[in-house]
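For reference, the structure is listed below as structure tokens.
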Amino acid sequence: MGAKGDQGLGGLPKSPVLPAGRFLVAGLVLTVLVFGGLLGFAWSSWDGRGCPEAVARASEADVAGKYEGPDGMSVRLRYEAGTGRRTFSVARWPYEWSPAYRKEKTFDAAGTWSLSQDSGVAETRVQLSFEDAPLHRRPLRTLVVGLDGGERVLFKSADPDSCPSTVLRRAGG
């Protein structure tokens, strides 16, 4: 056995690694664990979807259906091909720019809808016209028609350099 000064806690020999080296090793181990954990989380939560891409053209028949989004919000777009009538209903629909202190952040309503395209812009939009729109607050009225992983979606227009925060996906699909 070595001298009494060569033993660390519990009677084990002292490590030849300097204290600074221990911090370096601990830092590397922590980095690997954090990076590995984040990578594992990203892999397990990835469902093949990315940022939706706007579609240049879509018909009423393409867009009609029920869509569901975050926090239970939903919109049902109805289209009667024979009459051309387009109606919608929304549930838990958000107000735009609703401050956090507001108790009422969503509402249920109905109305009519239309498709629109701006000249020179390669996207189709759904415009919602509410029958009884709230007078004191502005509801979300415009959605972009898109595709995400081959799935039809509607989303709130956002900065083209980032993914939209509000994406509605077809119900049941």
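A note on labels: chains of the structure tokens are A, B, ... as shown, every chain counts residues from 1, and ligands are counted from 1 in their shown order.
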
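Residues lying within 12 Å of Ala56 of chain A, counting only C-alpha atoms and ignoring same-chain neighbours fewer than 4 positions away, are Leu115, Ser116, Gln117, Asp118, Ser119, Gly120, Val121, Ala122, Glu123, Thr124, Arg125, Val144, Val145, Gly146 and Leu147 of chain A.
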
Written file, previous selection with all heavy atoms, as a short mmCIF file (atom, residue, chain, number, x, y, z; two decimals), in the first residue's frame:
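Now in again.cif:
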```cif
data_model
loop_
_atom_site.label_atom_id
_atom_site.label_comp_id
_atom_site.auth_asym_id
_atom_site.auth_seq_id
_atom_site.Cartn_x
_atom_site.Cartn_y
_atom_site.Cartn_z
N LEU A 115 -62.05 32.28 -51.25
CA LEU A 115 -60.63 32.11 -51.55
C LEU A 115 -60.14 33.37 -52.24
O LEU A 115 -60.86 33.98 -53.03
CB LEU A 115 -60.40 30.90 -52.46
CG LEU A 115 -60.69 29.53 -51.87
CD1 LEU A 115 -60.45 28.44 -52.91
CD2 LEU A 115 -59.83 29.28 -50.65
N SER A 116 -58.91 33.75 -51.95
CA SER A 116 -58.34 34.93 -52.60
C SER A 116 -56.88 34.68 -52.95
O SER A 116 -56.22 33.84 -52.32
CB SER A 116 -58.46 36.16 -51.69
OG SER A 116 -57.63 36.01 -50.56
N GLN A 117 -56.42 35.41 -53.95
CA GLN A 117 -55.02 35.37 -54.36
C GLN A 117 -54.61 36.78 -54.75
O GLN A 117 -55.34 37.46 -55.45
CB GLN A 117 -54.81 34.45 -55.55
CG GLN A 117 -55.02 32.99 -55.26
CD GLN A 117 -54.84 32.15 -56.51
OE1 GLN A 117 -55.39 32.45 -57.55
NE2 GLN A 117 -54.05 31.10 -56.38
N ASP A 118 -53.47 37.21 -54.26
CA ASP A 118 -52.93 38.51 -54.67
C ASP A 118 -52.07 38.31 -55.90
O ASP A 118 -51.37 37.29 -56.03
CB ASP A 118 -52.09 39.13 -53.56
CG ASP A 118 -52.92 39.64 -52.41
OD1 ASP A 118 -54.14 39.85 -52.60
OD2 ASP A 118 -52.36 39.84 -51.31
N SER A 119 -52.11 39.25 -56.78
CA SER A 119 -51.30 39.19 -57.98
C SER A 119 -49.82 39.13 -57.60
O SER A 119 -49.35 39.89 -56.75
CB SER A 119 -51.60 40.44 -58.81
OG SER A 119 -50.66 40.61 -59.82
N GLY A 120 -49.10 38.22 -58.21
CA GLY A 120 -47.68 38.10 -57.97
C GLY A 120 -47.30 37.33 -56.72
O GLY A 120 -46.13 37.17 -56.41
N VAL A 121 -48.29 36.84 -55.96
CA VAL A 121 -48.02 36.08 -54.75
C VAL A 121 -48.50 34.65 -54.98
O VAL A 121 -49.65 34.43 -55.35
CB VAL A 121 -48.75 36.69 -53.52
CG1 VAL A 121 -48.49 35.86 -52.28
CG2 VAL A 121 -48.31 38.12 -53.32
N ALA A 122 -47.61 33.70 -54.77
CA ALA A 122 -47.92 32.29 -55.03
C ALA A 122 -48.52 31.63 -53.80
O ALA A 122 -47.96 30.69 -53.24
CB ALA A 122 -46.67 31.55 -55.49
N GLU A 123 -49.68 32.15 -53.35
CA GLU A 123 -50.38 31.51 -52.25
C GLU A 123 -51.87 31.79 -52.36
O GLU A 123 -52.29 32.84 -52.86
CB GLU A 123 -49.84 31.95 -50.89
CG GLU A 123 -50.12 33.37 -50.51
CD GLU A 123 -49.54 33.75 -49.14
OE1 GLU A 123 -48.54 33.15 -48.71
OE2 GLU A 123 -50.10 34.65 -48.51
N THR A 124 -52.65 30.83 -51.91
CA THR A 124 -54.10 30.96 -51.86
C THR A 124 -54.49 31.17 -50.42
O THR A 124 -53.97 30.49 -49.53
CB THR A 124 -54.77 29.69 -52.42
OG1 THR A 124 -54.32 29.48 -53.76
CG2 THR A 124 -56.28 29.81 -52.40
N ARG A 125 -55.40 32.10 -50.18
CA ARG A 125 -55.84 32.40 -48.82
C ARG A 125 -57.32 32.15 -48.66
O ARG A 125 -58.10 32.36 -49.58
CB ARG A 125 -55.55 33.86 -48.49
CG ARG A 125 -54.10 34.15 -48.32
CD ARG A 125 -53.89 35.57 -47.80
NE ARG A 125 -52.64 36.06 -48.35
CZ ARG A 125 -52.53 36.84 -49.42
NH1 ARG A 125 -53.60 37.26 -50.02
NH2 ARG A 125 -51.36 37.22 -49.86
N VAL A 144 -53.74 30.89 -44.74
CA VAL A 144 -53.07 30.49 -45.97
C VAL A 144 -53.31 29.00 -46.18
O VAL A 144 -53.24 28.21 -45.23
CB VAL A 144 -51.56 30.79 -45.90
CG1 VAL A 144 -50.85 30.33 -47.16
CG2 VAL A 144 -51.32 32.28 -45.66
N VAL A 145 -53.62 28.63 -47.42
CA VAL A 145 -53.80 27.22 -47.77
C VAL A 145 -52.43 26.64 -48.08
O VAL A 145 -51.66 27.24 -48.83
CB VAL A 145 -54.73 27.06 -49.00
CG1 VAL A 145 -54.89 25.59 -49.37
CG2 VAL A 145 -56.07 27.71 -48.74
N GLY A 146 -52.12 25.50 -47.48
CA GLY A 146 -50.80 24.93 -47.70
C GLY A 146 -50.78 23.42 -47.67
O GLY A 146 -51.82 22.76 -47.52
N LEU A 147 -49.59 22.90 -47.81
CA LEU A 147 -49.32 21.48 -47.69
C LEU A 147 -48.17 21.29 -46.71
O LEU A 147 -47.23 22.08 -46.69
CB LEU A 147 -48.93 20.86 -49.04
CG LEU A 147 -50.04 20.73 -50.07
CD1 LEU A 147 -49.45 20.27 -51.41
CD2 LEU A 147 -51.11 19.76 -49.62
#
```

Two-atom distance - atom CA of Gly82 of chain A, atom CA of Asp62 of chain A (Å):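 Distance reported for this atom pair: 15.3 Å.
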
Write out as JSON, numbers by chain each polymer residue whose atoms come within 12 Å of Glu151 of chain A, counting only C-alpha atoms; drop sequence neighbours fewer than 5 positions from it. {"A": [48, 49, 50, 51, 52, 53, 54, 55, 62, 63, 67, 145, 146, 167, 168, 169, 170, 171, 172, 173]}

Go ahead and write the selection's residues with C-alpha atoms as an mmCIF file, in the first residue's frame.
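Result went into again-v5.cif, see below:
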```cif
data_model
loop_
_atom_site.group_PDB
_atom_site.id
_atom_site.type_symbol
_atom_site.label_atom_id
_atom_site.label_comp_id
_atom_site.auth_asym_id
_atom_site.auth_seq_id
_atom_site.Cartn_x
_atom_site.Cartn_y
_atom_site.Cartn_z
ATOM 1 C CA GLY A 48 -42.270 13.862 -40.662
ATOM 2 C CA ARG A 49 -43.845 17.309 -40.734
ATOM 3 C CA GLY A 50 -41.973 20.523 -41.192
ATOM 4 C CA CYS A 51 -42.992 24.036 -42.035
ATOM 5 C CA PRO A 52 -46.075 24.099 -44.238
ATOM 6 C CA GLU A 53 -45.650 25.476 -47.731
ATOM 7 C CA ALA A 54 -48.283 27.700 -49.310
ATOM 8 C CA VAL A 55 -49.981 26.388 -52.442
ATOM 9 C CA ASP A 62 -59.898 21.125 -52.268
ATOM 10 C CA VAL A 63 -60.128 23.297 -49.170
ATOM 11 C CA TYR A 67 -59.465 21.472 -39.598
ATOM 12 C CA VAL A 145 -53.804 27.218 -47.768
ATOM 13 C CA GLY A 146 -50.797 24.928 -47.696
ATOM 14 C CA VAL A 167 -51.274 25.410 -38.169
ATOM 15 C CA LEU A 168 -54.657 23.709 -38.596
ATOM 16 C CA ARG A 169 -54.671 20.136 -39.901
ATOM 17 C CA ARG A 170 -57.536 18.222 -41.464
ATOM 18 C CA ALA A 171 -59.478 16.404 -38.795
ATOM 19 C CA GLY A 172 -59.006 12.661 -38.853
ATOM 20 C CA GLY A 173 -56.233 12.778 -41.334
#
```

Name all residues at most 7 Å from Gln127 of chain A (count only C-alpha atoms; drop same-chain ones fewer than 5 positions away) and give them as an MDAnalysis selection string. chainID A and resid 113:115 141:143

Pick from A:Lys105, A:Gly69, A:Val75, A:Cys163: nearest to Leu128 of chain A, with only C-alpha atoms counted? A:Val75

Which residue, A:Trp93, A:Tyr79, A:Phe88, A:Phe155, has the smallest gap to Pro139 of chain A when you use only C-alpha atoms? A:Trp93

Using only C-alpha atoms, determine which residues lie at most 8 Å from Phe130 of chain A, disregarding the query and same-chain residues fewer than 4 positions distant; provide the list as a PyMOL selection string. chain A and resi 109-112

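From atom CA of Ala61 of chain A back to atom CA of Arg85 of chain A, the distance works out to 11.4 Å.
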
Quick one, how far is atom CA of Gly150 of chain A from atom CA of Glu60 of chain A?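 It comes out at 18.1 Å.
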
For segment 135-137 of chain A: contacts at 10 Å, only C-alpha atoms, fewer than 3 positions along chain excluded, given as a list in words: Tyr95, Glu96, Trp97, Ser98, Lys105, Asp132 and Leu140 of chain A

Filtering to C-alpha atoms, could you give me those residues as a PDB file, in the first residue's frame?
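Written out: part_22.pdb:
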```pdb
ATOM      1  CA  TYR A  95     -58.628  36.864 -31.442  1.00  0.00           C
ATOM      2  CA  GLU A  96     -55.566  38.288 -33.140  1.00  0.00           C
ATOM      3  CA  TRP A  97     -53.007  39.911 -30.862  1.00  0.00           C
ATOM      4  CA  SER A  98     -54.932  38.976 -27.722  1.00  0.00           C
ATOM      5  CA  LYS A 105     -59.089  34.657 -25.772  1.00  0.00           C
ATOM      6  CA  ASP A 132     -71.542  38.427 -35.775  1.00  0.00           C
ATOM      7  CA  LEU A 140     -58.226  35.768 -36.966  1.00  0.00           C
TER       8      LEU A 140
END
```

Which of these, A:Pro134, A:Ser165, A:Arg152, A:Pro160, has the shortest distance to Gly65 of chain A once you count only C-alpha atoms?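 Closest residue, counting only C-alpha atoms: A:Arg152.
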